[in-house]
$ cat upload.cif   # mmCIF, C-alpha atoms
data_query
loop_
_atom_site.label_atom_id
_atom_site.label_comp_id
_atom_site.auth_asym_id
_atom_site.auth_seq_id
_atom_site.Cartn_x
_atom_site.Cartn_y
_atom_site.Cartn_z
CA MET J 111 0.07 -45.79 7.14
CA LYS J 112 -0.98 -49.11 8.68
CA ASN J 113 -3.87 -51.23 7.50
CA ARG J 114 -5.99 -54.14 8.65
CA LEU J 115 -6.36 -55.61 5.18
CA ARG J 116 -4.90 -59.05 5.92
CA GLU J 117 -6.86 -59.41 9.15
CA LEU J 118 -10.15 -58.39 7.51
CA ARG J 119 -9.54 -60.51 4.43
CA LYS J 120 -8.81 -63.60 6.52
CA ALA J 121 -11.87 -62.93 8.67
CA MET J 122 -13.97 -62.97 5.50
CA ASN J 123 -12.10 -66.07 4.27
CA MET J 124 -11.10 -64.22 1.10
CA THR J 125 -7.93 -64.76 -0.96
CA GLN J 126 -5.75 -61.94 -2.28
CA GLU J 127 -6.83 -62.87 -5.81
CA GLU J 128 -10.52 -62.61 -4.91
CA LEU J 129 -10.05 -59.24 -3.25
CA SER J 130 -8.02 -57.97 -6.19
CA LYS J 131 -10.82 -59.01 -8.59
CA LYS J 132 -13.43 -57.24 -6.46
CA VAL J 133 -11.56 -53.94 -6.43
CA GLY J 134 -10.23 -54.25 -9.98
CA VAL J 135 -6.48 -54.28 -9.34
CA SER J 136 -3.72 -56.87 -9.68
CA ARG J 137 -2.85 -59.36 -6.92
CA GLN J 138 0.58 -57.69 -6.69
CA SER J 139 -1.14 -54.45 -5.65
CA ILE J 140 -2.94 -56.22 -2.79
CA ILE J 141 0.36 -57.84 -1.67
CA ALA J 142 2.09 -54.44 -1.68
CA ILE J 143 -0.77 -52.76 0.23
CA GLU J 144 -0.99 -55.57 2.79
CA SER J 145 2.74 -55.49 3.47
CA GLY J 146 2.58 -51.69 3.88
CA LYS J 147 4.95 -51.01 0.99
CA TYR J 148 2.37 -49.12 -1.03
CA ASN J 149 -0.31 -46.70 0.14
CA PRO J 150 -3.35 -46.86 -2.15
CA SER J 151 -5.06 -43.83 -3.63
CA LEU J 152 -8.18 -42.50 -1.92
CA GLU J 153 -10.30 -44.09 -4.63
CA LEU J 154 -8.78 -47.56 -4.19
CA ALA J 155 -8.90 -47.27 -0.39
CA TYR J 156 -12.61 -46.43 -0.71
CA HIS J 157 -13.26 -49.48 -2.92
CA ILE J 158 -11.35 -51.77 -0.53
CA SER J 159 -13.28 -50.45 2.45
CA LYS J 160 -16.57 -50.99 0.58
CA VAL J 161 -15.69 -54.68 0.10
CA PHE J 162 -15.43 -55.09 3.88
CA ASP J 163 -18.45 -52.82 4.45
CA LEU J 164 -16.36 -50.52 6.65
CA LYS J 165 -15.24 -46.90 6.66
CA ILE J 166 -11.82 -46.03 5.21
CA GLU J 167 -10.44 -45.11 8.65
CA GLU J 168 -11.47 -48.51 9.98
CA VAL J 169 -9.34 -50.26 7.38
CA PHE J 170 -6.47 -47.80 6.98
CA ILE J 171 -4.92 -46.33 10.11
CA PHE J 172 -3.11 -43.05 9.64
CA GLU J 173 -0.15 -42.49 11.95
CA GLU J 174 1.31 -39.05 12.67
CA GLU J 175 5.02 -38.66 11.92
CA GLY J 176 7.11 -39.86 14.87
CA GLU J 177 4.22 -41.77 16.37
CA GLN J 178 5.05 -45.39 17.14
CA MET Q 65 23.50 -45.52 -49.26
CA THR Q 66 26.35 -47.54 -47.72
CA LEU Q 67 26.02 -50.94 -45.99
CA ASP Q 68 26.70 -49.30 -42.58
CA GLU Q 69 23.87 -46.83 -43.11
CA ILE Q 70 21.47 -49.63 -44.11
CA GLY Q 71 22.50 -51.59 -40.99
CA GLY Q 72 21.97 -48.49 -38.87
CA MET Q 73 18.50 -47.94 -40.35
CA ILE Q 74 17.54 -51.59 -39.72
CA GLY Q 75 18.87 -51.41 -36.14
CA LEU Q 76 17.19 -48.10 -35.38
CA TYR Q 77 13.75 -48.69 -36.84
CA GLY Q 78 13.79 -52.50 -36.35
CA GLY Q 79 14.56 -51.95 -32.67
CA LEU Q 80 11.79 -49.38 -32.42
CA ILE Q 81 9.22 -51.67 -34.06
CA CYS Q 82 10.27 -54.71 -31.94
CA GLY Q 83 10.15 -52.56 -28.79
CA LEU Q 84 6.68 -51.24 -29.61
CA ILE Q 85 5.36 -54.74 -30.40
CA GLY Q 86 6.80 -56.09 -27.11
CA TRP Q 87 5.36 -53.14 -25.18
CA TRP Q 88 1.92 -53.60 -26.80
CA PHE Q 89 1.80 -57.37 -26.08
CA GLY Q 90 3.07 -56.82 -22.54
CA ARG Q 91 0.30 -54.31 -21.83
CA LYS Q 92 -2.29 -56.61 -23.41
CA LEU Q 93 -1.26 -59.49 -21.13
CA ALA Q 94 -1.10 -57.21 -18.07
CA LYS Q 95 -4.60 -55.88 -18.83
CA LYS Q 96 -5.99 -59.42 -18.67
CA ASN Q 97 -4.75 -59.72 -15.07
CA ARG Q 98 -5.87 -56.18 -14.14
CA GLY Q 99 -2.17 -55.32 -14.14
CA LEU Q 100 -2.52 -51.80 -15.56
CA ASP Q 101 -3.67 -50.37 -12.26
CA GLU Q 102 -2.45 -47.46 -10.12
CA PHE Q 103 0.30 -49.64 -8.57
CA TYR Q 104 1.69 -50.28 -12.07
CA GLN Q 105 1.55 -46.55 -12.84
CA HIS Q 106 3.32 -45.78 -9.53
CA ILE Q 107 6.15 -48.26 -10.25
CA TRP Q 108 6.87 -47.09 -13.79
CA LYS Q 109 6.61 -43.39 -12.92
CA THR Q 110 9.14 -43.94 -10.11
CA ALA Q 111 11.42 -45.90 -12.47
CA ARG Q 112 11.24 -43.12 -15.07
CA SER Q 113 12.14 -40.57 -12.42
CA TYR Q 114 15.25 -42.56 -11.38
CA SER Q 115 16.27 -43.13 -15.00
CA TRP Q 116 16.23 -39.35 -15.54
CA TYR Q 117 18.61 -38.91 -12.58
CA LEU Q 118 20.92 -41.48 -14.16
CA THR Q 119 20.66 -39.80 -17.57
CA ILE Q 120 21.58 -36.43 -16.04
CA PHE Q 121 24.63 -38.09 -14.42
CA VAL Q 122 25.69 -39.52 -17.81
CA LEU Q 123 25.15 -36.09 -19.45
CA TYR Q 124 27.53 -34.57 -16.88
CA LEU Q 125 29.99 -37.42 -17.45
CA LEU Q 126 29.92 -36.85 -21.23
CA PHE Q 127 30.31 -33.07 -20.83
CA SER Q 128 33.27 -33.70 -18.49
CA LEU Q 129 34.86 -36.06 -21.01
CA ASN Q 130 34.45 -33.37 -23.67
CA ILE Q 131 36.15 -30.80 -21.41
CA PHE Q 132 39.07 -33.23 -20.91
CA GLY Q 133 39.51 -33.41 -24.68
CA VAL Q 134 37.75 -36.67 -25.47
CA GLU Q 135 35.98 -36.40 -28.79
CA MET Q 136 32.89 -38.45 -29.51
CA SER Q 137 30.59 -38.48 -32.50
CA VAL Q 138 26.96 -37.38 -32.21
CA PRO Q 139 25.49 -40.87 -32.90
CA MET Q 140 27.83 -42.38 -30.26
CA VAL Q 141 26.69 -39.90 -27.59
CA LEU Q 142 23.01 -40.25 -28.52
CA ALA Q 143 23.28 -44.05 -28.49
CA MET Q 144 24.86 -43.98 -25.03
CA LEU Q 145 22.17 -41.65 -23.67
CA MET Q 146 19.37 -43.70 -25.24
CA PHE Q 147 20.85 -46.95 -23.90
CA ILE Q 148 21.28 -45.58 -20.38
CA HIS Q 149 17.87 -43.88 -20.26
CA ILE Q 150 15.72 -46.68 -21.67
CA GLY Q 151 17.85 -49.47 -20.17
CA SER Q 152 17.84 -48.02 -16.66
CA TRP Q 153 14.10 -47.30 -16.92
CA GLY Q 154 13.45 -50.98 -17.66
CA VAL Q 155 15.92 -52.38 -15.11
CA ILE Q 156 14.85 -50.05 -12.27
CA GLY Q 157 11.17 -50.74 -13.05
CA ALA Q 158 11.79 -54.48 -12.87
CA ILE Q 159 13.69 -54.14 -9.56
CA ILE Q 160 10.92 -52.01 -7.99
CA THR Q 161 8.25 -54.44 -9.26
CA ILE Q 162 10.05 -57.45 -7.75
CA ASN Q 163 10.76 -55.64 -4.49
CA LEU Q 164 7.23 -54.35 -3.95
CA SER Q 165 5.49 -57.55 -5.07
CA ARG Q 166 7.30 -59.74 -2.54
CA PRO Q 167 5.76 -60.20 0.91
CA GLU Q 168 9.26 -59.89 2.39
CA PRO Q 169 11.58 -57.10 1.15
CA PHE Q 170 14.42 -58.21 -1.10
CA GLN Q 171 17.70 -57.22 0.53
CA MET Q 172 20.95 -57.32 -1.37
CA SER Q 173 23.98 -58.16 0.74
CA PRO Q 174 26.71 -55.46 1.00
CA MET Q 175 29.06 -57.77 -0.93
CA MET Q 176 26.60 -58.10 -3.82
CA ILE Q 177 26.08 -54.30 -3.92
CA GLY Q 178 29.86 -53.82 -4.01
CA ILE Q 179 30.39 -56.34 -6.80
CA THR Q 180 27.50 -54.85 -8.81
CA ILE Q 181 28.86 -51.28 -8.50
CA ILE Q 182 32.35 -52.33 -9.64
CA VAL Q 183 31.22 -54.66 -12.46
CA VAL Q 184 28.65 -52.24 -13.94
CA SER Q 185 30.86 -49.14 -13.76
CA THR Q 186 33.95 -50.93 -15.10
CA SER Q 187 31.94 -52.50 -17.95
CA ILE Q 188 30.43 -49.16 -19.02
CA LEU Q 189 33.80 -47.37 -18.82
CA THR Q 190 35.56 -50.17 -20.73
CA ILE Q 191 32.98 -49.90 -23.54
CA ILE Q 192 33.46 -46.10 -23.63
CA ALA Q 193 37.29 -46.52 -23.56
CA ILE Q 194 37.16 -48.98 -26.49
CA LEU Q 195 34.75 -46.80 -28.47
CA ILE Q 196 36.77 -43.63 -28.10
CA LYS Q 197 40.13 -45.46 -28.09
CA ASN Q 198 41.30 -43.77 -24.89
CA ILE Q 199 42.33 -46.10 -22.06
CA TRP Q 200 42.73 -43.24 -19.54
CA ILE Q 201 38.94 -43.12 -19.16
CA LEU Q 202 39.24 -46.27 -17.06
CA PHE Q 203 40.75 -44.17 -14.25
CA ILE Q 204 37.22 -42.83 -13.60
CA ALA Q 205 36.47 -46.36 -12.32
CA VAL Q 206 38.32 -45.35 -9.14
CA LEU Q 207 35.24 -43.28 -8.10
CA PRO Q 208 32.86 -46.27 -7.93
CA VAL Q 209 35.51 -48.16 -5.94
CA PHE Q 210 35.48 -45.34 -3.35
CA CYS Q 211 31.66 -45.47 -3.32
CA ASN Q 212 31.93 -49.19 -2.74
CA ARG Q 213 34.28 -48.67 0.23
CA LYS Q 214 31.67 -46.29 1.70
CA VAL Q 215 28.95 -48.94 1.26
CA GLN Q 216 31.13 -51.55 2.95
CA ARG Q 217 31.93 -49.24 5.90
CA ASN Q 218 28.24 -48.40 6.41
CA ALA Q 219 27.43 -52.10 6.30
CA ILE Q 220 30.00 -52.80 9.04
CA LYS Q 221 28.57 -49.97 11.19
CA ASN Q 222 25.01 -51.23 10.67
CA ALA Q 223 26.08 -54.75 11.55
CA GLU Q 224 27.48 -53.54 14.86
CA VAL Q 225 24.50 -51.33 15.70
CA CYS Q 226 21.58 -53.42 14.43
CA HIS Q 227 22.79 -56.99 14.41
CA PRO Q 228 25.33 -57.31 17.23
CA PHE Q 229 25.43 -61.09 17.17
CA ASN Q 230 25.55 -61.55 13.43
CA SER Q 231 28.37 -61.82 10.94
CA PHE Q 232 28.32 -61.25 7.19
CA SER Q 233 30.64 -61.17 4.21
CA THR Q 234 31.99 -57.98 2.66
CA MET Q 235 34.55 -57.34 -0.05
CA ARG Q 236 37.23 -57.52 2.64
CA GLY Q 237 36.15 -60.84 4.09
CA THR Q 238 33.77 -61.95 6.82
CA VAL Q 239 32.94 -59.29 9.40
CA TYR Q 240 32.14 -60.19 12.98
CA SER Q 241 30.77 -57.54 15.29
CA SER Q 242 32.78 -56.59 18.39
CA ARG Q 243 30.23 -58.14 20.76
CA HIS Q 244 30.33 -61.37 18.79
CA GLU Q 245 34.09 -61.54 19.16
CA LYS Q 246 33.90 -61.02 22.93
CA ARG Q 247 31.64 -64.04 23.25
#
$ encode --input "upload.cif" --output "structure tokens"
Amino acid sequence: MKNRLRELRKAMNMTQEELSKKVGVSRQSIIAIESGKYNPSLELAYHISKVFDLKIEEVFIFEEEGEQ
Amino acid sequence: MTLDEIGGMIGLYGGLICGLIGWWFGRKLAKKNRGLDEFYQHIWKTARSYSWYLTIFVLYLLFSLNIFGVEMSVPMVLAMLMFIHIGSWGVIGAIITINLSRPEPFQMSPMMIGITIIVVSTSILTIIAILIKNIWILFIAVLPVFCNRKVQRNAIKNAEVCHPFNSFSTMRGTVYSSRHEKR
């Protein structure tokens, strides 16, 4: 699963700490999600998308297995 | 009640109380930084899962030792299992936390993996050998050495496939890929 978190956050001039406060998680969680090491739950993905005023699929891009 | 029993009681319940206090304060501090989130749950559930694998391995090791005639007391076996289970839970949790919290993945060199395998396995087996007064147990240390050789061989293969122009150190010295040597 890819995501546009960093791109969207920078476009809104928001720090990782600020985003983490808005969605109620630790900064480490945002780092792990941004670097693609951790896929958030549906609930957290929804909250993150709400911050950017976008749909979940506009922030998180699902890739089929084997797709480059 | 003997002095040993009193010491055992202090160690057992003192350790439990200290552990619970540390755990409680740790959670309190983490809560302040919104640290008790789903990412935290994911890390510690994964660590617990791995620690169970390790505990099962130690259970098999202890059963095997029993079959080979090594006798150990109940407290000794329980202490070993408790140490391995709780210790590995904590260590693996810390490693996963560090690895996932870094923007760049933490990669251990093949040499460091090799040294870690040998040092950890030899230390554990030496402690067991001293406790049960049977030096032959140390021969089991040959198994981790074979595992280490496998790690080193894979590292050499990966170096040739993925990093053709790189060199790195292994337990057998610096390895240069074939393409590197040609140049």
$ residues_around --input "upload.cif" --residues "Lys112 (chain J)" --least-positions-apart "3" --cutoff "7 Å" --atoms "all atoms listed in the file" --output "ChimeraX atom specification"
/J:146,170-172
$ write_last_selection --input "upload.cif" --atoms "C-alpha atoms" --output "PDB file, in the coordinates of the input"
ATOM      1  CA  GLY J 146       2.580 -51.690   3.880  1.00  0.00           C
ATOM      2  CA  PHE J 170      -6.470 -47.800   6.980  1.00  0.00           C
ATOM      3  CA  ILE J 171      -4.920 -46.330  10.110  1.00  0.00           C
ATOM      4  CA  PHE J 172      -3.110 -43.050   9.640  1.00  0.00           C
TER       5      PHE J 172
END
$ atom_distance --input "upload.cif" --atom1 "CA of Met124 (chain J)" --atom2 "CA of Ser145 (chain J)"
16.5 Å
$ resolve_selection --input "upload.cif" --expression "the PyMOL selection byres ((chain Q) within 6 of (chain J))" --output "list of chain:residue names"
Q:Arg98, Q:Gly99, Q:Asp101, Q:Phe103, Q:Leu164, Q:Ser165
$ resolve_selection --input "upload.cif" --expression "the PyMOL selection byres ((chain Q and resi 117-132) around 9)" --output "PDB file with C-alpha atoms, in the frame of the given file"
ATOM      1  CA  ARG Q 112      11.240 -43.120 -15.070  1.00  0.00           C
ATOM      2  CA  SER Q 113      12.140 -40.570 -12.420  1.00  0.00           C
ATOM      3  CA  TYR Q 114      15.250 -42.560 -11.380  1.00  0.00           C
ATOM      4  CA  SER Q 115      16.270 -43.130 -15.000  1.00  0.00           C
ATOM      5  CA  TRP Q 116      16.230 -39.350 -15.540  1.00  0.00           C
ATOM      6  CA  GLY Q 133      39.510 -33.410 -24.680  1.00  0.00           C
ATOM      7  CA  VAL Q 134      37.750 -36.670 -25.470  1.00  0.00           C
ATOM      8  CA  GLU Q 135      35.980 -36.400 -28.790  1.00  0.00           C
ATOM      9  CA  MET Q 136      32.890 -38.450 -29.510  1.00  0.00           C
ATOM     10  CA  VAL Q 141      26.690 -39.900 -27.590  1.00  0.00           C
ATOM     11  CA  MET Q 144      24.860 -43.980 -25.030  1.00  0.00           C
ATOM     12  CA  LEU Q 145      22.170 -41.650 -23.670  1.00  0.00           C
ATOM     13  CA  MET Q 146      19.370 -43.700 -25.240  1.00  0.00           C
ATOM     14  CA  ILE Q 148      21.280 -45.580 -20.380  1.00  0.00           C
ATOM     15  CA  HIS Q 149      17.870 -43.880 -20.260  1.00  0.00           C
ATOM     16  CA  SER Q 152      17.840 -48.020 -16.660  1.00  0.00           C
ATOM     17  CA  ILE Q 201      38.940 -43.120 -19.160  1.00  0.00           C
TER      18      ILE Q 201
END
$ residues_around --input "upload.cif" --residues "Glu167 (chain J)" --least-positions-apart "2" --cutoff "12 Å" --atoms "only C-alpha atoms" --output "JSON, numbers by chain"
{"J": [111, 112, 113, 114, 115, 152, 155, 156, 158, 159, 160, 163, 164, 165, 169, 170, 171, 172, 173]}
$ atom_distance --input "upload.cif" --atom1 "CA of Asn163 (chain Q)" --atom2 "CA of Ile177 (chain Q)"
15.4 Å
$ atom_distance --input "upload.cif" --atom1 "CA of Ile181 (chain Q)" --atom2 "CA of Leu195 (chain Q)"
21.3 Å
$ axis_aligned_box --input "upload.cif" --around "region 119-132 of chain J" --padding-each-side "3 Å" --output "AutoDock Vina command-line options"
--center_x -9.9 --center_y -61.7 --center_z 0.0 --size_x 14.2 --size_y 14.8 --size_z 23.3
$ build_atoms --input "upload.cif" --residues "region 82-110 of chain Q" --atoms "N, CA and C atoms" --output "compact mmCIF listing (two decimals), keeping the file's coordinate frame"
# COMPACT_ATOMS: atom_id res chain seq x y z
N CYS Q 82 10.28 -53.56 -32.88
CA CYS Q 82 10.27 -54.71 -31.94
C CYS Q 82 9.89 -54.25 -30.54
N GLY Q 83 10.45 -53.11 -30.12
CA GLY Q 83 10.15 -52.56 -28.79
C GLY Q 83 8.68 -52.25 -28.64
N LEU Q 84 8.10 -51.61 -29.67
CA LEU Q 84 6.68 -51.24 -29.61
C LEU Q 84 5.77 -52.48 -29.59
N ILE Q 85 6.17 -53.50 -30.39
CA ILE Q 85 5.36 -54.74 -30.40
C ILE Q 85 5.41 -55.40 -29.01
N GLY Q 86 6.63 -55.49 -28.44
CA GLY Q 86 6.80 -56.09 -27.11
C GLY Q 86 6.01 -55.33 -26.06
N TRP Q 87 6.08 -54.00 -26.14
CA TRP Q 87 5.36 -53.14 -25.18
C TRP Q 87 3.85 -53.35 -25.29
N TRP Q 88 3.35 -53.44 -26.55
CA TRP Q 88 1.92 -53.60 -26.80
C TRP Q 88 1.42 -54.95 -26.27
N PHE Q 89 2.19 -56.04 -26.55
CA PHE Q 89 1.80 -57.37 -26.08
C PHE Q 89 1.87 -57.46 -24.56
N GLY Q 90 2.90 -56.84 -24.00
CA GLY Q 90 3.07 -56.82 -22.54
C GLY Q 90 1.87 -56.16 -21.86
N ARG Q 91 1.45 -55.03 -22.39
CA ARG Q 91 0.30 -54.31 -21.83
C ARG Q 91 -0.98 -55.11 -22.00
N LYS Q 92 -1.09 -55.81 -23.14
CA LYS Q 92 -2.29 -56.61 -23.41
C LYS Q 92 -2.41 -57.74 -22.38
N LEU Q 93 -1.27 -58.40 -22.11
CA LEU Q 93 -1.26 -59.49 -21.13
C LEU Q 93 -1.54 -58.96 -19.72
N ALA Q 94 -0.92 -57.80 -19.40
CA ALA Q 94 -1.10 -57.21 -18.07
C ALA Q 94 -2.56 -56.80 -17.86
N LYS Q 95 -3.20 -56.33 -18.92
CA LYS Q 95 -4.60 -55.88 -18.83
C LYS Q 95 -5.52 -57.03 -18.47
N LYS Q 96 -5.18 -58.23 -18.97
CA LYS Q 96 -5.99 -59.42 -18.67
C LYS Q 96 -6.01 -59.70 -17.17
N ASN Q 97 -4.86 -59.46 -16.52
CA ASN Q 97 -4.75 -59.72 -15.07
C ASN Q 97 -4.96 -58.45 -14.24
N ARG Q 98 -5.61 -57.48 -14.80
CA ARG Q 98 -5.87 -56.18 -14.14
C ARG Q 98 -4.56 -55.53 -13.71
N GLY Q 99 -3.51 -55.78 -14.50
CA GLY Q 99 -2.17 -55.32 -14.14
C GLY Q 99 -1.90 -53.84 -14.42
N LEU Q 100 -2.76 -53.21 -15.21
CA LEU Q 100 -2.52 -51.80 -15.56
C LEU Q 100 -3.22 -50.88 -14.56
N ASP Q 101 -2.99 -51.14 -13.30
CA ASP Q 101 -3.67 -50.37 -12.26
C ASP Q 101 -2.77 -49.25 -11.73
N GLU Q 102 -3.21 -48.60 -10.66
CA GLU Q 102 -2.45 -47.46 -10.12
C GLU Q 102 -1.09 -47.88 -9.56
N PHE Q 103 -0.97 -49.13 -9.10
CA PHE Q 103 0.30 -49.64 -8.57
C PHE Q 103 1.33 -49.73 -9.71
N TYR Q 104 0.86 -50.20 -10.86
CA TYR Q 104 1.69 -50.28 -12.07
C TYR Q 104 2.17 -48.88 -12.48
N GLN Q 105 1.22 -47.93 -12.48
CA GLN Q 105 1.55 -46.55 -12.84
C GLN Q 105 2.60 -45.99 -11.87
N HIS Q 106 2.41 -46.27 -10.57
CA HIS Q 106 3.32 -45.78 -9.53
C HIS Q 106 4.74 -46.33 -9.77
N ILE Q 107 4.84 -47.62 -10.06
CA ILE Q 107 6.15 -48.26 -10.25
C ILE Q 107 6.88 -47.64 -11.44
N TRP Q 108 6.18 -47.54 -12.57
CA TRP Q 108 6.87 -47.09 -13.79
C TRP Q 108 7.14 -45.59 -13.80
N LYS Q 109 6.31 -44.82 -13.06
CA LYS Q 109 6.61 -43.39 -12.92
C LYS Q 109 7.87 -43.21 -12.05
N THR Q 110 7.97 -44.02 -10.99
CA THR Q 110 9.14 -43.94 -10.11
C THR Q 110 10.39 -44.34 -10.89
